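Data block below; observations after.
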Amino acid sequence: MDDSLKKSLAEHIINKFDFSRDISDDEILMSIEDAVLNYGNENYISIDEKNELTSEIFNSVRRLGPLQKLIDDPLVNEIMVNGPDDIFWERDGKLSRAPISLESEEQLENIIQQIVAEVNRSVNEATPIVDARLLDGSRVNVVLPPIALNGAVVTIRKFPKEPMSIKRLLSYGTLDEETCEFLKIIMESGCNIIVSGGTSSGKTSFLNALSEYIPKKQRVIVMEDSAELQLTGIPNLVRLETRNANLEGMGEIGIADLIKSSLRMRPDRIIVGEVRDGAAVVNLLNAFNTGHYGESTIHSNSAEDTISRLETLLLTGADGMPLAAAERQIASAIDFIVYLGRLPDGRRKLLEISEIEGVKNDGIEMRKIYEYSDCEERLVKRNAPKRCLPKVERAGFDLSGLFDLQKEQ
């Protein structure tokens, strides 16, 4: 199909409408179909070509142009645009060059501005980095020149059309029935959980699935940099999202601000999409240490590294705090670390569940409850939990069906 034809018809549609008013997709689609039909009356094109032309023009006018095909592909997990000619994708767990390209830098710029406008954000030379999301919840990161030396870079992390569930995680082999039961008990008991892992290890999806175990009577406050979680079945749910500073450098609202505000909203449980800076960690741990409970995610390379990351961020955010005090804050606030990772073949797995035991002479000590065994290719029970037992029992649960508690005593 001639690219100049698609461009000409797309320009015709754009010039026809006043996009300052609210225009429905159906109205635009109908106009495109009429334009393609008129063209077909004068130039022979097959029905398949008409349908393809209509779809591509609609994507160009209303959606994200050639990128829309990748977004609509359910097997694509991530899209990486390194300029109009260098587009890569992660499809079915494998990273490779995508079989598409954009017409020009101008088309890429138009797509970027369309994305950020949908969520009332802006990106330009003065503010060249922005996080946004698509209407389907997919997360978008944009970096413009002069920061991006090779031209505009767009990274799109897609999320399933249906929210991630425990049932789907079981079907993928991410975890097993026994660890599901254990996670259900500690979630319903009000244990504070940090879900950690490397990039693209499935932290957000796992946290989304864990939300199934939140008691329906609870008031839940969710805070994210860019709304990604798709929590369902929670009647009393409040969702908050951060805001970037404006062009004058004013009006920024970060995760730390949201956590502080959420504590005045009578939460039963707080969920923080991810903690990335010291101020956020300070406020999250303060919340956990003042009777609130909940969950969050953090980037790390192991369960042990999660503690180091939290210590570093806490010491950064709480200027002048001694290391010993930081360790006590973390050990008091967090009950469990759930660590996720990717195997060499690309499969995402729950690799470890560890209980925070407390602070000893050498720092914070953890107790491995479940650990993934490469030899056995499954999660293996290592120890019974100890510190959480009073909290679990007060909530009316009994872990003796999963662990030999008498032996551990």
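Chain identifiers are assigned as A, B, and so on, following the order in which chains appear in the structure tokens; residues are numbered from 1 within each chain, and ligands are numbered from 1 in order of appearance.
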Pick out the residues sitting within 10 Å of Lys184 (chain A), and hand them over as a PyMOL selection string; count only C-alpha atoms, and ignore anything fewer than 3 positions along from it in its own chain.
chain A and resi 178-181+187-189+210-214
Where in region 56-195 of chain A does DSSP assign helix (DSSP H, G or I), given as an mmCIF file with all heavy atoms, in the first residue's frame?
```cif
data_model
loop_
_atom_site.group_PDB
_atom_site.id
_atom_site.type_symbol
_atom_site.label_atom_id
_atom_site.label_comp_id
_atom_site.auth_asym_id
_atom_site.auth_seq_id
_atom_site.Cartn_x
_atom_site.Cartn_y
_atom_site.Cartn_z
ATOM 1 N N GLU A 56 -5.199 1.384 9.174
ATOM 2 C CA GLU A 56 -3.944 2.118 9.329
ATOM 3 C C GLU A 56 -4.175 3.617 9.428
ATOM 4 O O GLU A 56 -3.497 4.307 10.197
ATOM 5 C CB GLU A 56 -3.002 1.785 8.167
ATOM 6 C CG GLU A 56 -2.490 0.349 8.205
ATOM 7 C CD GLU A 56 -1.439 0.092 7.155
ATOM 8 O OE1 GLU A 56 -1.052 1.038 6.440
ATOM 9 O OE2 GLU A 56 -0.986 -1.065 7.048
ATOM 10 N N ILE A 57 -5.133 4.135 8.672
ATOM 11 C CA ILE A 57 -5.437 5.570 8.747
ATOM 12 C C ILE A 57 -6.052 5.902 10.101
ATOM 13 O O ILE A 57 -5.714 6.915 10.722
ATOM 14 C CB ILE A 57 -6.374 5.997 7.605
ATOM 15 C CG1 ILE A 57 -5.660 5.861 6.252
ATOM 16 C CG2 ILE A 57 -6.846 7.440 7.794
ATOM 17 C CD1 ILE A 57 -6.566 6.088 5.069
ATOM 18 N N PHE A 58 -6.946 5.044 10.587
ATOM 19 C CA PHE A 58 -7.560 5.278 11.896
ATOM 20 C C PHE A 58 -6.494 5.281 12.991
ATOM 21 O O PHE A 58 -6.496 6.146 13.879
ATOM 22 C CB PHE A 58 -8.610 4.216 12.192
ATOM 23 C CG PHE A 58 -9.274 4.385 13.529
ATOM 24 C CD1 PHE A 58 -10.250 5.345 13.707
ATOM 25 C CD2 PHE A 58 -8.913 3.590 14.602
ATOM 26 C CE1 PHE A 58 -10.858 5.522 14.942
ATOM 27 C CE2 PHE A 58 -9.517 3.753 15.835
ATOM 28 C CZ PHE A 58 -10.492 4.724 16.004
ATOM 29 N N ASN A 59 -5.563 4.317 12.923
ATOM 30 C CA ASN A 59 -4.486 4.280 13.916
ATOM 31 C C ASN A 59 -3.615 5.525 13.832
ATOM 32 O O ASN A 59 -3.146 6.042 14.850
ATOM 33 C CB ASN A 59 -3.627 3.034 13.710
ATOM 34 C CG ASN A 59 -4.319 1.767 14.147
ATOM 35 O OD1 ASN A 59 -5.261 1.816 14.931
ATOM 36 N ND2 ASN A 59 -3.884 0.629 13.634
ATOM 37 N N SER A 60 -3.401 6.001 12.618
ATOM 38 C CA SER A 60 -2.572 7.195 12.435
ATOM 39 C C SER A 60 -3.254 8.438 12.977
ATOM 40 O O SER A 60 -2.603 9.295 13.582
ATOM 41 C CB SER A 60 -2.268 7.376 10.946
ATOM 42 O OG SER A 60 -1.553 8.570 10.716
ATOM 43 N N VAL A 61 -4.570 8.533 12.788
ATOM 44 C CA VAL A 61 -5.307 9.730 13.201
ATOM 45 C C VAL A 61 -5.653 9.692 14.677
ATOM 46 O O VAL A 61 -5.516 10.689 15.397
ATOM 47 C CB VAL A 61 -6.593 9.884 12.353
ATOM 48 C CG1 VAL A 61 -7.472 11.016 12.888
ATOM 49 C CG2 VAL A 61 -6.243 10.142 10.902
ATOM 50 N N ARG A 62 -6.112 8.529 15.149
ATOM 51 C CA ARG A 62 -6.711 8.449 16.487
ATOM 52 C C ARG A 62 -5.835 7.734 17.503
ATOM 53 O O ARG A 62 -5.961 7.960 18.702
ATOM 54 C CB ARG A 62 -8.054 7.729 16.378
ATOM 55 C CG ARG A 62 -8.966 7.905 17.582
ATOM 56 C CD ARG A 62 -9.349 9.351 17.783
ATOM 57 N NE ARG A 62 -10.489 9.500 18.657
ATOM 58 C CZ ARG A 62 -11.032 10.654 18.981
ATOM 59 N NH1 ARG A 62 -10.521 11.766 18.493
ATOM 60 N NH2 ARG A 62 -12.071 10.720 19.779
ATOM 61 N N LEU A 67 2.658 1.835 15.697
ATOM 62 C CA LEU A 67 2.867 1.204 17.008
ATOM 63 C C LEU A 67 1.605 0.511 17.508
ATOM 64 O O LEU A 67 1.677 -0.384 18.362
ATOM 65 C CB LEU A 67 3.309 2.240 18.043
ATOM 66 C CG LEU A 67 4.647 2.935 17.828
ATOM 67 C CD1 LEU A 67 4.940 3.873 18.987
ATOM 68 C CD2 LEU A 67 5.771 1.923 17.672
ATOM 69 N N GLN A 68 0.443 0.925 16.998
ATOM 70 C CA GLN A 68 -0.812 0.362 17.485
ATOM 71 C C GLN A 68 -0.889 -1.140 17.243
ATOM 72 O O GLN A 68 -1.462 -1.882 18.032
ATOM 73 C CB GLN A 68 -2.002 1.070 16.821
ATOM 74 C CG GLN A 68 -3.332 0.786 17.506
ATOM 75 C CD GLN A 68 -3.379 1.328 18.920
ATOM 76 O OE1 GLN A 68 -2.945 2.448 19.173
ATOM 77 N NE2 GLN A 68 -3.910 0.535 19.842
ATOM 78 N N LYS A 69 -0.296 -1.602 16.128
ATOM 79 C CA LYS A 69 -0.292 -3.037 15.847
ATOM 80 C C LYS A 69 0.408 -3.809 16.959
ATOM 81 O O LYS A 69 -0.027 -4.887 17.366
ATOM 82 C CB LYS A 69 0.409 -3.313 14.519
ATOM 83 C CG LYS A 69 -0.410 -2.969 13.278
ATOM 84 C CD LYS A 69 0.334 -3.411 12.033
ATOM 85 C CE LYS A 69 -0.501 -3.139 10.785
ATOM 86 N NZ LYS A 69 0.199 -3.570 9.545
ATOM 87 N N LEU A 70 1.512 -3.248 17.442
ATOM 88 C CA LEU A 70 2.256 -3.912 18.509
ATOM 89 C C LEU A 70 1.482 -3.865 19.821
ATOM 90 O O LEU A 70 1.499 -4.818 20.602
ATOM 91 C CB LEU A 70 3.625 -3.256 18.693
ATOM 92 C CG LEU A 70 4.498 -3.082 17.439
ATOM 93 C CD1 LEU A 70 5.889 -2.623 17.851
ATOM 94 C CD2 LEU A 70 4.566 -4.361 16.638
ATOM 95 N N ILE A 71 0.815 -2.745 20.064
ATOM 96 C CA ILE A 71 0.034 -2.606 21.291
ATOM 97 C C ILE A 71 -1.144 -3.567 21.290
ATOM 98 O O ILE A 71 -1.514 -4.129 22.326
ATOM 99 C CB ILE A 71 -0.430 -1.147 21.455
ATOM 100 C CG1 ILE A 71 0.781 -0.268 21.759
ATOM 101 C CG2 ILE A 71 -1.477 -1.020 22.553
ATOM 102 C CD1 ILE A 71 0.521 1.193 21.725
ATOM 103 N N ASP A 72 -1.723 -3.800 20.127
ATOM 104 C CA ASP A 72 -2.883 -4.694 20.031
ATOM 105 C C ASP A 72 -2.502 -6.165 20.046
ATOM 106 O O ASP A 72 -3.361 -7.028 20.207
ATOM 107 C CB ASP A 72 -3.673 -4.390 18.749
ATOM 108 C CG ASP A 72 -4.344 -3.024 18.781
ATOM 109 O OD1 ASP A 72 -4.555 -2.498 19.893
ATOM 110 O OD2 ASP A 72 -4.645 -2.479 17.703
ATOM 111 N N GLU A 105 10.799 11.434 12.189
ATOM 112 C CA GLU A 105 10.881 11.958 13.552
ATOM 113 C C GLU A 105 9.610 12.729 13.898
ATOM 114 O O GLU A 105 9.156 12.715 15.042
ATOM 115 C CB GLU A 105 12.098 12.879 13.690
ATOM 116 C CG GLU A 105 13.440 12.175 13.675
ATOM 117 C CD GLU A 105 13.795 11.548 15.012
ATOM 118 O OE1 GLU A 105 12.993 11.693 15.970
ATOM 119 O OE2 GLU A 105 14.860 10.905 15.103
ATOM 120 N N GLU A 106 9.041 13.391 12.888
ATOM 121 C CA GLU A 106 7.824 14.168 13.121
ATOM 122 C C GLU A 106 6.671 13.264 13.549
ATOM 123 O O GLU A 106 5.906 13.597 14.459
ATOM 124 C CB GLU A 106 7.442 14.934 11.855
ATOM 125 C CG GLU A 106 6.189 15.795 12.023
ATOM 126 C CD GLU A 106 5.793 16.482 10.726
ATOM 127 O OE1 GLU A 106 6.400 16.213 9.671
ATOM 128 O OE2 GLU A 106 4.841 17.300 10.774
ATOM 129 N N GLN A 107 6.536 12.111 12.893
ATOM 130 C CA GLN A 107 5.476 11.184 13.287
ATOM 131 C C GLN A 107 5.705 10.668 14.699
ATOM 132 O O GLN A 107 4.756 10.549 15.487
ATOM 133 C CB GLN A 107 5.401 10.001 12.314
ATOM 134 C CG GLN A 107 4.214 9.077 12.617
ATOM 135 C CD GLN A 107 4.166 7.858 11.722
ATOM 136 O OE1 GLN A 107 5.204 7.374 11.260
ATOM 137 N NE2 GLN A 107 2.974 7.352 11.463
ATOM 138 N N LEU A 108 6.955 10.380 15.051
ATOM 139 C CA LEU A 108 7.260 9.928 16.401
ATOM 140 C C LEU A 108 6.929 11.014 17.420
ATOM 141 O O LEU A 108 6.348 10.735 18.480
ATOM 142 C CB LEU A 108 8.738 9.539 16.498
ATOM 143 C CG LEU A 108 9.254 9.112 17.875
ATOM 144 C CD1 LEU A 108 8.425 7.974 18.446
ATOM 145 C CD2 LEU A 108 10.732 8.712 17.781
ATOM 146 N N GLU A 109 7.261 12.263 17.101
ATOM 147 C CA GLU A 109 6.946 13.382 17.987
ATOM 148 C C GLU A 109 5.439 13.523 18.172
ATOM 149 O O GLU A 109 4.955 13.755 19.291
ATOM 150 C CB GLU A 109 7.529 14.675 17.415
ATOM 151 C CG GLU A 109 7.143 15.939 18.152
ATOM 152 C CD GLU A 109 7.721 16.033 19.552
ATOM 153 O OE1 GLU A 109 8.720 15.338 19.835
ATOM 154 O OE2 GLU A 109 7.171 16.795 20.382
ATOM 155 N N ASN A 110 4.670 13.351 17.092
ATOM 156 C CA ASN A 110 3.209 13.450 17.184
ATOM 157 C C ASN A 110 2.643 12.351 18.080
ATOM 158 O O ASN A 110 1.721 12.588 18.872
ATOM 159 C CB ASN A 110 2.580 13.370 15.795
ATOM 160 C CG ASN A 110 2.856 14.597 14.959
ATOM 161 O OD1 ASN A 110 3.144 15.671 15.494
ATOM 162 N ND2 ASN A 110 2.769 14.461 13.643
ATOM 163 N N ILE A 111 3.194 11.140 17.955
ATOM 164 C CA ILE A 111 2.745 10.031 18.795
ATOM 165 C C ILE A 111 3.043 10.320 20.265
ATOM 166 O O ILE A 111 2.204 10.099 21.149
ATOM 167 C CB ILE A 111 3.416 8.715 18.347
ATOM 168 C CG1 ILE A 111 2.854 8.274 16.996
ATOM 169 C CG2 ILE A 111 3.216 7.620 19.397
ATOM 170 C CD1 ILE A 111 3.591 7.089 16.391
ATOM 171 N N ILE A 112 4.234 10.849 20.532
ATOM 172 C CA ILE A 112 4.623 11.173 21.908
ATOM 173 C C ILE A 112 3.681 12.213 22.503
ATOM 174 O O ILE A 112 3.191 12.058 23.638
ATOM 175 C CB ILE A 112 6.079 11.673 21.949
ATOM 176 C CG1 ILE A 112 7.039 10.519 21.666
ATOM 177 C CG2 ILE A 112 6.398 12.310 23.303
ATOM 178 C CD1 ILE A 112 8.474 10.950 21.460
ATOM 179 N N GLN A 113 3.416 13.273 21.761
ATOM 180 C CA GLN A 113 2.544 14.328 22.280
ATOM 181 C C GLN A 113 1.122 13.822 22.484
ATOM 182 O O GLN A 113 0.434 14.235 23.426
ATOM 183 C CB GLN A 113 2.556 15.535 21.331
ATOM 184 C CG GLN A 113 3.896 16.233 21.224
ATOM 185 C CD GLN A 113 4.429 16.703 22.582
ATOM 186 O OE1 GLN A 113 3.680 17.035 23.503
ATOM 187 N NE2 GLN A 113 5.758 16.718 22.711
ATOM 188 N N GLN A 114 0.671 12.910 21.651
ATOM 189 C CA GLN A 114 -0.659 12.323 21.817
ATOM 190 C C GLN A 114 -0.726 11.499 23.100
ATOM 191 O O GLN A 114 -1.717 11.553 23.840
ATOM 192 C CB GLN A 114 -0.989 11.439 20.604
ATOM 193 C CG GLN A 114 -2.397 10.871 20.615
ATOM 194 C CD GLN A 114 -2.709 10.098 19.343
ATOM 195 O OE1 GLN A 114 -2.053 10.274 18.329
ATOM 196 N NE2 GLN A 114 -3.701 9.237 19.406
ATOM 197 N N ILE A 115 0.352 10.757 23.390
ATOM 198 C CA ILE A 115 0.379 9.924 24.591
ATOM 199 C C ILE A 115 0.315 10.784 25.851
ATOM 200 O O ILE A 115 -0.499 10.535 26.754
ATOM 201 C CB ILE A 115 1.662 9.054 24.599
ATOM 202 C CG1 ILE A 115 1.580 7.967 23.528
ATOM 203 C CG2 ILE A 115 1.856 8.412 25.980
ATOM 204 C CD1 ILE A 115 2.877 7.204 23.343
ATOM 205 N N VAL A 116 1.184 11.782 25.937
ATOM 206 C CA VAL A 116 1.251 12.569 27.168
ATOM 207 C C VAL A 116 0.030 13.464 27.341
ATOM 208 O O VAL A 116 -0.377 13.755 28.480
ATOM 209 C CB VAL A 116 2.547 13.405 27.228
ATOM 210 C CG1 VAL A 116 3.762 12.487 27.210
ATOM 211 C CG2 VAL A 116 2.626 14.411 26.084
ATOM 212 N N ALA A 117 -0.572 13.887 26.227
ATOM 213 C CA ALA A 117 -1.759 14.746 26.332
ATOM 214 C C ALA A 117 -2.928 14.005 26.947
ATOM 215 O O ALA A 117 -3.766 14.596 27.642
ATOM 216 C CB ALA A 117 -2.146 15.278 24.948
ATOM 217 N N GLU A 118 -2.990 12.687 26.729
ATOM 218 C CA GLU A 118 -4.100 11.887 27.253
ATOM 219 C C GLU A 118 -4.127 11.876 28.779
ATOM 220 O O GLU A 118 -5.178 11.651 29.382
ATOM 221 C CB GLU A 118 -4.015 10.447 26.734
ATOM 222 C CG GLU A 118 -4.308 10.286 25.250
ATOM 223 C CD GLU A 118 -5.778 10.435 24.924
ATOM 224 O OE1 GLU A 118 -6.606 10.497 25.861
ATOM 225 O OE2 GLU A 118 -6.116 10.494 23.729
ATOM 226 N N ILE A 166 -4.169 -14.672 40.757
ATOM 227 C CA ILE A 166 -3.449 -15.820 41.324
ATOM 228 C C ILE A 166 -3.628 -17.043 40.435
ATOM 229 O O ILE A 166 -2.671 -17.805 40.204
ATOM 230 C CB ILE A 166 -3.953 -16.111 42.750
ATOM 231 C CG1 ILE A 166 -3.539 -14.983 43.709
ATOM 232 C CG2 ILE A 166 -3.410 -17.443 43.249
ATOM 233 C CD1 ILE A 166 -2.048 -14.848 43.926
ATOM 234 N N LYS A 167 -4.807 -17.222 39.899
ATOM 235 C CA LYS A 167 -5.076 -18.376 39.033
ATOM 236 C C LYS A 167 -4.153 -18.369 37.822
ATOM 237 O O LYS A 167 -3.610 -19.415 37.425
ATOM 238 C CB LYS A 167 -6.542 -18.357 38.579
ATOM 239 C CG LYS A 167 -6.940 -19.553 37.736
ATOM 240 C CD LYS A 167 -8.421 -19.504 37.386
ATOM 241 C CE LYS A 167 -8.819 -20.706 36.538
ATOM 242 N NZ LYS A 167 -10.263 -20.663 36.179
ATOM 243 N N ARG A 168 -3.939 -17.207 37.227
ATOM 244 C CA ARG A 168 -3.055 -17.119 36.064
ATOM 245 C C ARG A 168 -1.604 -17.346 36.457
ATOM 246 O O ARG A 168 -0.850 -17.996 35.719
ATOM 247 C CB ARG A 168 -3.220 -15.768 35.372
ATOM 248 C CG ARG A 168 -4.555 -15.619 34.658
ATOM 249 C CD ARG A 168 -4.723 -14.252 34.058
ATOM 250 N NE ARG A 168 -3.728 -13.979 33.033
ATOM 251 C CZ ARG A 168 -3.550 -12.799 32.473
ATOM 252 N NH1 ARG A 168 -4.272 -11.764 32.883
ATOM 253 N NH2 ARG A 168 -2.662 -12.625 31.532
ATOM 254 N N LEU A 169 -1.199 -16.825 37.622
ATOM 255 C CA LEU A 169 0.164 -17.069 38.081
ATOM 256 C C LEU A 169 0.403 -18.560 38.306
ATOM 257 O O LEU A 169 1.485 -19.074 38.010
ATOM 258 C CB LEU A 169 0.438 -16.292 39.372
ATOM 259 C CG LEU A 169 0.545 -14.769 39.252
ATOM 260 C CD1 LEU A 169 0.767 -14.149 40.635
ATOM 261 C CD2 LEU A 169 1.669 -14.354 38.308
ATOM 262 N N LEU A 170 -0.610 -19.246 38.810
ATOM 263 C CA LEU A 170 -0.505 -20.692 38.984
ATOM 264 C C LEU A 170 -0.365 -21.389 37.638
ATOM 265 O O LEU A 170 0.441 -22.312 37.478
ATOM 266 C CB LEU A 170 -1.722 -21.233 39.734
ATOM 267 C CG LEU A 170 -1.778 -20.970 41.241
ATOM 268 C CD1 LEU A 170 -3.159 -21.293 41.789
ATOM 269 C CD2 LEU A 170 -0.709 -21.786 41.960
ATOM 270 N N SER A 171 -1.144 -20.945 36.662
ATOM 271 C CA SER A 171 -1.096 -21.566 35.337
ATOM 272 C C SER A 171 0.245 -21.323 34.652
ATOM 273 O O SER A 171 0.720 -22.159 33.881
ATOM 274 C CB SER A 171 -2.232 -21.040 34.457
ATOM 275 O OG SER A 171 -2.024 -19.682 34.097
ATOM 276 N N TYR A 172 0.886 -20.185 34.951
ATOM 277 C CA TYR A 172 2.210 -19.895 34.389
ATOM 278 C C TYR A 172 3.322 -20.611 35.138
ATOM 279 O O TYR A 172 4.470 -20.626 34.683
ATOM 280 C CB TYR A 172 2.498 -18.383 34.453
ATOM 281 C CG TYR A 172 1.568 -17.523 33.639
ATOM 282 C CD1 TYR A 172 1.354 -16.192 33.977
ATOM 283 C CD2 TYR A 172 0.902 -18.025 32.524
ATOM 284 C CE1 TYR A 172 0.503 -15.375 33.234
ATOM 285 C CE2 TYR A 172 0.048 -17.219 31.779
ATOM 286 C CZ TYR A 172 -0.157 -15.901 32.147
ATOM 287 O OH TYR A 172 -0.989 -15.097 31.417
ATOM 288 N N GLU A 177 0.444 -23.992 44.761
ATOM 289 C CA GLU A 177 -0.731 -23.913 45.626
ATOM 290 C C GLU A 177 -0.360 -23.651 47.084
ATOM 291 O O GLU A 177 -1.026 -22.884 47.777
ATOM 292 C CB GLU A 177 -1.547 -25.219 45.530
ATOM 293 C CG GLU A 177 -2.184 -25.476 44.178
ATOM 294 C CD GLU A 177 -3.457 -24.672 43.968
ATOM 295 O OE1 GLU A 177 -3.853 -23.915 44.892
ATOM 296 O OE2 GLU A 177 -4.056 -24.784 42.893
ATOM 297 N N GLU A 178 0.720 -24.270 47.555
ATOM 298 C CA GLU A 178 1.084 -24.113 48.972
ATOM 299 C C GLU A 178 1.512 -22.680 49.269
ATOM 300 O O GLU A 178 1.094 -22.087 50.269
ATOM 301 C CB GLU A 178 2.199 -25.076 49.353
ATOM 302 C CG GLU A 178 2.596 -24.954 50.823
ATOM 303 C CD GLU A 178 3.627 -25.970 51.250
ATOM 304 O OE1 GLU A 178 3.552 -27.129 50.788
ATOM 305 O OE2 GLU A 178 4.506 -25.607 52.054
ATOM 306 N N THR A 179 2.360 -22.102 48.395
ATOM 307 C CA THR A 179 2.795 -20.728 48.640
ATOM 308 C C THR A 179 1.631 -19.761 48.484
ATOM 309 O O THR A 179 1.593 -18.726 49.153
ATOM 310 C CB THR A 179 3.952 -20.329 47.698
ATOM 311 O OG1 THR A 179 3.627 -20.686 46.347
ATOM 312 C CG2 THR A 179 5.237 -21.013 48.113
ATOM 313 N N CYS A 180 0.672 -20.106 47.619
ATOM 314 C CA CYS A 180 -0.547 -19.290 47.509
ATOM 315 C C CYS A 180 -1.290 -19.242 48.839
ATOM 316 O O CYS A 180 -1.728 -18.175 49.285
ATOM 317 C CB CYS A 180 -1.477 -19.853 46.438
ATOM 318 S SG CYS A 180 -1.033 -19.412 44.766
ATOM 319 N N GLU A 181 -1.419 -20.389 49.469
ATOM 320 C CA GLU A 181 -2.126 -20.462 50.744
ATOM 321 C C GLU A 181 -1.383 -19.667 51.819
ATOM 322 O O GLU A 181 -2.008 -18.957 52.617
ATOM 323 C CB GLU A 181 -2.268 -21.923 51.174
ATOM 324 C CG GLU A 181 -2.985 -22.136 52.503
ATOM 325 C CD GLU A 181 -4.422 -21.642 52.494
ATOM 326 O OE1 GLU A 181 -5.010 -21.496 51.395
ATOM 327 O OE2 GLU A 181 -4.961 -21.387 53.586
ATOM 328 N N PHE A 182 -0.068 -19.781 51.817
ATOM 329 C CA PHE A 182 0.722 -19.023 52.792
ATOM 330 C C PHE A 182 0.576 -17.515 52.571
ATOM 331 O O PHE A 182 0.359 -16.754 53.523
ATOM 332 C CB PHE A 182 2.194 -19.427 52.694
ATOM 333 C CG PHE A 182 3.091 -18.659 53.627
ATOM 334 C CD1 PHE A 182 3.009 -18.835 55.001
ATOM 335 C CD2 PHE A 182 3.998 -17.736 53.127
ATOM 336 C CE1 PHE A 182 3.827 -18.119 55.871
ATOM 337 C CE2 PHE A 182 4.824 -17.018 53.987
ATOM 338 C CZ PHE A 182 4.734 -17.208 55.350
ATOM 339 N N LEU A 183 0.668 -17.078 51.313
ATOM 340 C CA LEU A 183 0.527 -15.659 50.996
ATOM 341 C C LEU A 183 -0.866 -15.152 51.366
ATOM 342 O O LEU A 183 -1.026 -14.026 51.848
ATOM 343 C CB LEU A 183 0.810 -15.417 49.514
ATOM 344 C CG LEU A 183 2.275 -15.548 49.088
ATOM 345 C CD1 LEU A 183 2.393 -15.603 47.572
ATOM 346 C CD2 LEU A 183 3.114 -14.411 49.651
ATOM 347 N N LYS A 184 -1.865 -15.977 51.149
ATOM 348 C CA LYS A 184 -3.239 -15.593 51.491
ATOM 349 C C LYS A 184 -3.361 -15.325 52.995
ATOM 350 O O LYS A 184 -3.959 -14.331 53.426
ATOM 351 C CB LYS A 184 -4.216 -16.694 51.078
ATOM 352 C CG LYS A 184 -5.680 -16.415 51.380
ATOM 353 C CD LYS A 184 -6.550 -17.551 50.842
ATOM 354 C CE LYS A 184 -8.028 -17.239 51.006
ATOM 355 N NZ LYS A 184 -8.448 -17.181 52.418
ATOM 356 N N ILE A 185 -2.755 -16.198 53.791
ATOM 357 C CA ILE A 185 -2.850 -16.064 55.243
ATOM 358 C C ILE A 185 -2.126 -14.803 55.724
ATOM 359 O O ILE A 185 -2.672 -14.031 56.530
ATOM 360 C CB ILE A 185 -2.278 -17.323 55.931
ATOM 361 C CG1 ILE A 185 -3.223 -18.509 55.715
ATOM 362 C CG2 ILE A 185 -2.068 -17.074 57.427
ATOM 363 C CD1 ILE A 185 -2.682 -19.834 56.213
ATOM 364 N N ILE A 186 -0.921 -14.570 55.233
ATOM 365 C CA ILE A 186 -0.181 -13.404 55.741
ATOM 366 C C ILE A 186 -0.781 -12.094 55.207
ATOM 367 O O ILE A 186 -0.711 -11.059 55.879
ATOM 368 C CB ILE A 186 1.330 -13.483 55.424
ATOM 369 C CG1 ILE A 186 1.599 -13.504 53.923
ATOM 370 C CG2 ILE A 186 1.935 -14.700 56.102
ATOM 371 C CD1 ILE A 186 3.102 -13.461 53.580
ATOM 372 N N MET A 187 -1.392 -12.128 54.030
ATOM 373 C CA MET A 187 -2.074 -10.931 53.521
ATOM 374 C C MET A 187 -3.286 -10.609 54.389
ATOM 375 O O MET A 187 -3.490 -9.467 54.811
ATOM 376 C CB MET A 187 -2.512 -11.146 52.075
ATOM 377 C CG MET A 187 -1.422 -10.972 51.033
ATOM 378 S SD MET A 187 -0.974 -9.240 50.746
ATOM 379 C CE MET A 187 -2.437 -8.641 49.902
ATOM 380 N N GLU A 188 -4.114 -11.611 54.655
ATOM 381 C CA GLU A 188 -5.330 -11.389 55.428
ATOM 382 C C GLU A 188 -5.015 -11.096 56.895
ATOM 383 O O GLU A 188 -5.843 -10.512 57.602
ATOM 384 C CB GLU A 188 -6.253 -12.598 55.303
ATOM 385 C CG GLU A 188 -6.804 -12.791 53.896
ATOM 386 C CD GLU A 188 -7.906 -13.823 53.836
ATOM 387 O OE1 GLU A 188 -8.375 -14.278 54.903
ATOM 388 O OE2 GLU A 188 -8.317 -14.185 52.711
#
```
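Candidate residues A:Ile298, A:Val81, A:Leu389, A:Leu134 were compared for distance to Ala148 (chain A), and the nearest is A:Val81, using only C-alpha atoms.
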Which distance in Å separates CA of Pro385 (chain A) and CA of Glu355 (chain A), to one decimal?
6.6 Å
Between CA of Asn192 (chain A) and CA of Ile334 (chain A) - distance in Å to one decimal
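Separation of CA of Ile334 (chain A) and CA of Asn192 (chain A): 5.2 Å.
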Point out the residue among A:Phe288, A:Phe159, A:Tyr372, A:Phe206 with the least atom-to-atom distance to Ser332 (chain A), counting only C-alpha atoms.
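Closest to Ser332 (chain A), using only C-alpha atoms: A:Phe288.
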Under the rule of at most 7 Å, produce a per-residue listing of region 147-211 of chain A near region 227-234 of chain A: chain, number, name, the closest pair of atoms, and the distance in Å, as a Markdown table, using only C-alpha atoms.
```
| residue | atom | partner | partner_atom | distance |
| --- | --- | --- | --- | --- |
| A:Pro163 | CA | A:Gln230 | CA | 5.6 |
| A:Thr204 | CA | A:Leu229 | CA | 6.9 |
| A:Asn208 | CA | A:Leu229 | CA | 5.9 |
| A:Ser211 | CA | A:Leu231 | CA | 6.5 |
```
